[in-house]
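The block underneath contains the structure these notes are about, expressed in structure tokens.
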Amino acid sequence: MSSETETVTITDNTTGKQVTLPMYTPTAGPKVIDIGKLYKELGYFTYDPGFMSTASCSSAITFLDGGRGVLQYRGYPIEQLAEQSSYLEVCFLLLNNRLPKKEELDYFINTVTQHTMLHEAMIRFFSGFRRDAHPMAIMVGCVGALAAFYHDHMDIHNEEHRMITAYRLIAKMPTIAAMSYRYANGKPFVYPRNSLSYTENFLYMMFSMPSEEYTPDPLLAKALDLIMILHADHEQNASTSTVRLAGSSDANPFAAVASGIAALWGPAHGGANEAVVRMLIDINESGKPLQTFVDRAKDKNDSFRLMGFGHRVYKNYDPRARLIREICHKLLNDMEASSEQQKLLDTAMALEQVALHDDYFVERNLYPNVDFYSGIIFLAMGIPMNMFTVIFAMARTIGWISQWSEMMSDHEAKIGRPRQLYTGAIDLDYLPIEKR
């Protein structure tokens with residue numbers, strides 16, 4: 001934590017009591033008031049629905065400035081990492097707080113590659129799910145079940161054990177994700193191949209068939225690697241906060257990450273790119289001109305909203321959207337899409353032009369965000385919508401495990417226990433049932 005530089009004094013006008021609270025200056029971002037003494041000395045809680053103005057922890061992993069459109073991992077701008085790095089190198093960076101030397105990165109990649117297989121007994125888990133189970137439901141169950149198979153390095157206060165767990169999660173998540181997809185679609189499981197890169201391996205496990213040769217498209221692998229980098233971490237969002245809260249009870253890391261997957265499953269968090277594609281489908285199936293939907297989005301009396309535009313945190317252009325837009329356009333230019341896909345992609349590109357040039361959208365900073373472009377890319381790649389959030393979880397795993405590991409080594413960390421503003425009844429007398 002940054003050193004205390006200032007203090008804030010709060011006075012209770014009723015009692016005249018005062019409390020002096022320390023204020024910390026972070027390396028970047030707004031100053032933070034430590035309210036720890038507020039309840040102890042004045043008897044007050046703070047009220048902050050959604051924790052929009054509350055820092056729940058100190059962290060050195062990700063810095064986000066929504067006003068300026070800045071995102072950095074361990075101090076490195078996302079633009080530089082996206083253009084020059086790879087997803088596995090970013091994983092090393094987030095875990096170790098530094099970029100690796102070549103031999104370190106080679107060792108890291110090799111270790112991850114050697115851990116991609118699942119325990120064979122876990123394969124039978126999949127048959128316990130309904131054939132039409134959502135892949136996210138399968139992923140939540142299987143990731144939680146990892147604790148039953150890999151409990152040999154589960155000392156959460158041992159740094160080496162935490163690193164081994166990180167390797168296992170990074171390596172096995174694509175295997176679980178691909179098997180979740182194939183089980184839900186009645187396709188045979190495909191085991192990983194160590195000769196392929198991280199994203200090539202995932203595409204191979206997703207789309208190859210035993211009956212014919214399959215070679216992952218390098219452009220698709222590159223696009224997926226970029227998407228993974230851009231989604232690797234995003235500060236204290238809902239799923240990351242959930243991982244930290246679950247982990248604060250000293251729950252095992254597999255259980256903590258499974259809780260993060262469950263939080264990400266919520267459509268308000270991880271389902272934005274799926275909502276984009278569903279919106280495009282609805283627009284096309286309506287048969288109405290695109291301008292009809294643009295006008296509805298501008299009408300303050302109409303609840304309709306264009307999905308994939310603007311961002312809750314970024315009040316400027318989402319820096320990730322700038323990076324993904326280029327490869328999205330390249331992908332669409334180089335790929336052959338089906339007629340149905342092409343109609344959706346044409347609608348998406350027309351919407352993009354509206355958002356970038358229409359004064360209404362520009363003045364309100366309603367630019368296309370990363371979910372807009374990732375949804376289009378997944379659509380072009382032939383990835384079904386129910387897999388969008390699964391891939392998001394696969395990418396965010398490194399952020400979750402890095403945040404969890406940081407918390408485990410933080411001497412100030414405590415079990416999470418939020419307070420509340422109670423608004424219910426009190427002091428009621430129990431009436432026997434015959435008198436009610």
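Letters A, B, ... go to the chains of the structure tokens in the order shown; residues in each chain start at 1; ligands are counted from 1 in the same order.
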
Each stretch 366-389 of chain A residue no farther than 6 Å from stretch 289-311 of chain A, nearest pair in Å, only C-alpha atoms, as a tab-separated table:
residue	atom	partner	partner_atom	distance
A:Leu366	CA	A:Gly310	CA	4.1
A:Tyr367	CA	A:Phe309	CA	5.2
A:Pro368	CA	A:Phe309	CA	4.4
A:Asn369	CA	A:Phe309	CA	5.5
A:Asp371	CA	A:Gly308	CA	5.6
A:Phe372	CA	A:Gly308	CA	4.4

(message) Please list as a ChimeraX atom specification every residue within 10 Å of A:Asn365, counting only C-alpha atoms and excluding residues in the same chain fewer than 3 positions away.
(response) /A:309-311,314-318,355-356,359-362,368

Keeping only C-alpha atoms, take the residues you just selected and write them out as a compact mmCIF listing (two decimals), in the first residue's frame.
# COMPACT_ATOMS: atom_id res chain seq x y z
CA PHE A 309 -21.45 0.42 -27.39
CA GLY A 310 -20.04 2.44 -24.50
CA HIS A 311 -18.71 0.98 -21.26
CA TYR A 314 -14.50 3.65 -19.83
CA LYS A 315 -15.88 7.13 -20.44
CA ASN A 316 -13.54 7.42 -23.38
CA TYR A 317 -12.80 4.97 -26.19
CA ASP A 318 -12.21 1.49 -24.76
CA ALA A 355 -21.36 4.83 -33.81
CA LEU A 356 -18.09 6.31 -35.05
CA ASP A 359 -22.92 13.04 -33.40
CA TYR A 360 -25.32 11.49 -30.88
CA PHE A 361 -22.99 8.56 -30.23
CA VAL A 362 -19.74 10.51 -30.49
CA PRO A 368 -17.91 0.29 -30.05

Hey, could you make a per-residue contact list for stretch 313-396 of chain A against stretch 283-288 of chain A with 10 Å as the cut-off, showing the nearest pair of atoms and its distance in Å to one decimal, counting only C-alpha atoms, sorted by chain and number, as a Markdown table?
| residue | atom | partner | partner_atom | distance |
| --- | --- | --- | --- | --- |
| A:Glu340 | CA | A:Asn284 | CA | 9.8 |
| A:Lys343 | CA | A:Asn284 | CA | 7.7 |
| A:Leu344 | CA | A:Asn284 | CA | 7.2 |
| A:Thr347 | CA | A:Asn284 | CA | 7.7 |

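Between A:Leu94 and the candidates A:Met117, A:Ala272, A:Ala221, A:Ala232, the tightest atom-to-atom separation, counting only C-alpha atoms, involves A:Ala232.
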
Show which residues sit within 10 Å of A:Gly144, as an mmCIF file with all heavy atoms, in the first residue's frame. Count only C-alpha atoms, and ignore same-chain residues fewer than 6 positions away.
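Generated file (out_6.cif):
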data_model
loop_
_atom_site.group_PDB
_atom_site.id
_atom_site.type_symbol
_atom_site.label_atom_id
_atom_site.label_comp_id
_atom_site.auth_asym_id
_atom_site.auth_seq_id
_atom_site.Cartn_x
_atom_site.Cartn_y
_atom_site.Cartn_z
ATOM 1 N N ASN A 252 -9.990 -23.328 -1.280
ATOM 2 C CA ASN A 252 -8.944 -23.723 -2.219
ATOM 3 C C ASN A 252 -9.089 -22.942 -3.529
ATOM 4 O O ASN A 252 -10.181 -22.461 -3.860
ATOM 5 C CB ASN A 252 -8.987 -25.235 -2.455
ATOM 6 C CG ASN A 252 -10.160 -25.673 -3.296
ATOM 7 O OD1 ASN A 252 -10.182 -25.492 -4.510
ATOM 8 N ND2 ASN A 252 -11.175 -26.255 -2.654
ATOM 9 N N PRO A 253 -8.005 -22.773 -4.278
ATOM 10 C CA PRO A 253 -8.027 -21.923 -5.471
ATOM 11 C C PRO A 253 -8.976 -22.405 -6.560
ATOM 12 O O PRO A 253 -9.532 -21.593 -7.301
ATOM 13 C CB PRO A 253 -6.579 -21.951 -5.959
ATOM 14 C CG PRO A 253 -5.974 -23.171 -5.341
ATOM 15 C CD PRO A 253 -6.661 -23.332 -4.032
ATOM 16 N N PHE A 254 -9.188 -23.714 -6.674
ATOM 17 C CA PHE A 254 -10.106 -24.216 -7.691
ATOM 18 C C PHE A 254 -11.543 -23.794 -7.359
ATOM 19 O O PHE A 254 -12.318 -23.424 -8.244
ATOM 20 C CB PHE A 254 -10.004 -25.734 -7.803
ATOM 21 C CG PHE A 254 -8.628 -26.213 -8.176
ATOM 22 C CD1 PHE A 254 -7.869 -26.954 -7.286
ATOM 23 C CD2 PHE A 254 -8.077 -25.903 -9.413
ATOM 24 C CE1 PHE A 254 -6.593 -27.398 -7.631
ATOM 25 C CE2 PHE A 254 -6.803 -26.337 -9.761
ATOM 26 C CZ PHE A 254 -6.056 -27.080 -8.869
ATOM 27 N N ALA A 255 -11.901 -23.851 -6.081
ATOM 28 C CA ALA A 255 -13.223 -23.411 -5.655
ATOM 29 C C ALA A 255 -13.383 -21.909 -5.874
ATOM 30 O O ALA A 255 -14.446 -21.440 -6.307
ATOM 31 C CB ALA A 255 -13.447 -23.765 -4.185
ATOM 32 N N ALA A 256 -12.330 -21.147 -5.571
ATOM 33 C CA ALA A 256 -12.390 -19.704 -5.740
ATOM 34 C C ALA A 256 -12.576 -19.335 -7.210
ATOM 35 O O ALA A 256 -13.388 -18.465 -7.556
ATOM 36 C CB ALA A 256 -11.127 -19.057 -5.177
ATOM 37 N N VAL A 257 -11.826 -19.984 -8.099
ATOM 38 C CA VAL A 257 -11.947 -19.699 -9.532
ATOM 39 C C VAL A 257 -13.304 -20.146 -10.063
ATOM 40 O O VAL A 257 -13.912 -19.464 -10.896
ATOM 41 C CB VAL A 257 -10.793 -20.361 -10.316
ATOM 42 C CG1 VAL A 257 -11.035 -20.282 -11.826
ATOM 43 C CG2 VAL A 257 -9.468 -19.677 -9.975
ATOM 44 N N ALA A 258 -13.806 -21.267 -9.574
ATOM 45 C CA ALA A 258 -15.141 -21.717 -9.980
ATOM 46 C C ALA A 258 -16.193 -20.680 -9.610
ATOM 47 O O ALA A 258 -17.145 -20.443 -10.365
ATOM 48 C CB ALA A 258 -15.468 -23.065 -9.334
ATOM 49 N N SER A 259 -16.017 -20.031 -8.452
ATOM 50 C CA SER A 259 -16.962 -18.983 -8.056
ATOM 51 C C SER A 259 -16.865 -17.786 -8.998
ATOM 52 O O SER A 259 -17.873 -17.127 -9.300
ATOM 53 C CB SER A 259 -16.701 -18.554 -6.607
ATOM 54 O OG SER A 259 -15.509 -17.772 -6.488
ATOM 55 N N ILE A 261 -16.077 -17.997 -12.199
ATOM 56 C CA ILE A 261 -16.749 -18.418 -13.426
ATOM 57 C C ILE A 261 -18.255 -18.242 -13.280
ATOM 58 O O ILE A 261 -18.945 -17.767 -14.200
ATOM 59 C CB ILE A 261 -16.403 -19.878 -13.759
ATOM 60 C CG1 ILE A 261 -14.900 -20.029 -14.015
ATOM 61 C CG2 ILE A 261 -17.191 -20.364 -14.973
ATOM 62 C CD1 ILE A 261 -14.440 -21.474 -14.142
#

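What separates atom CA of A:Thr389 from atom CA of A:Tyr73 is a distance of 21.8 Å.
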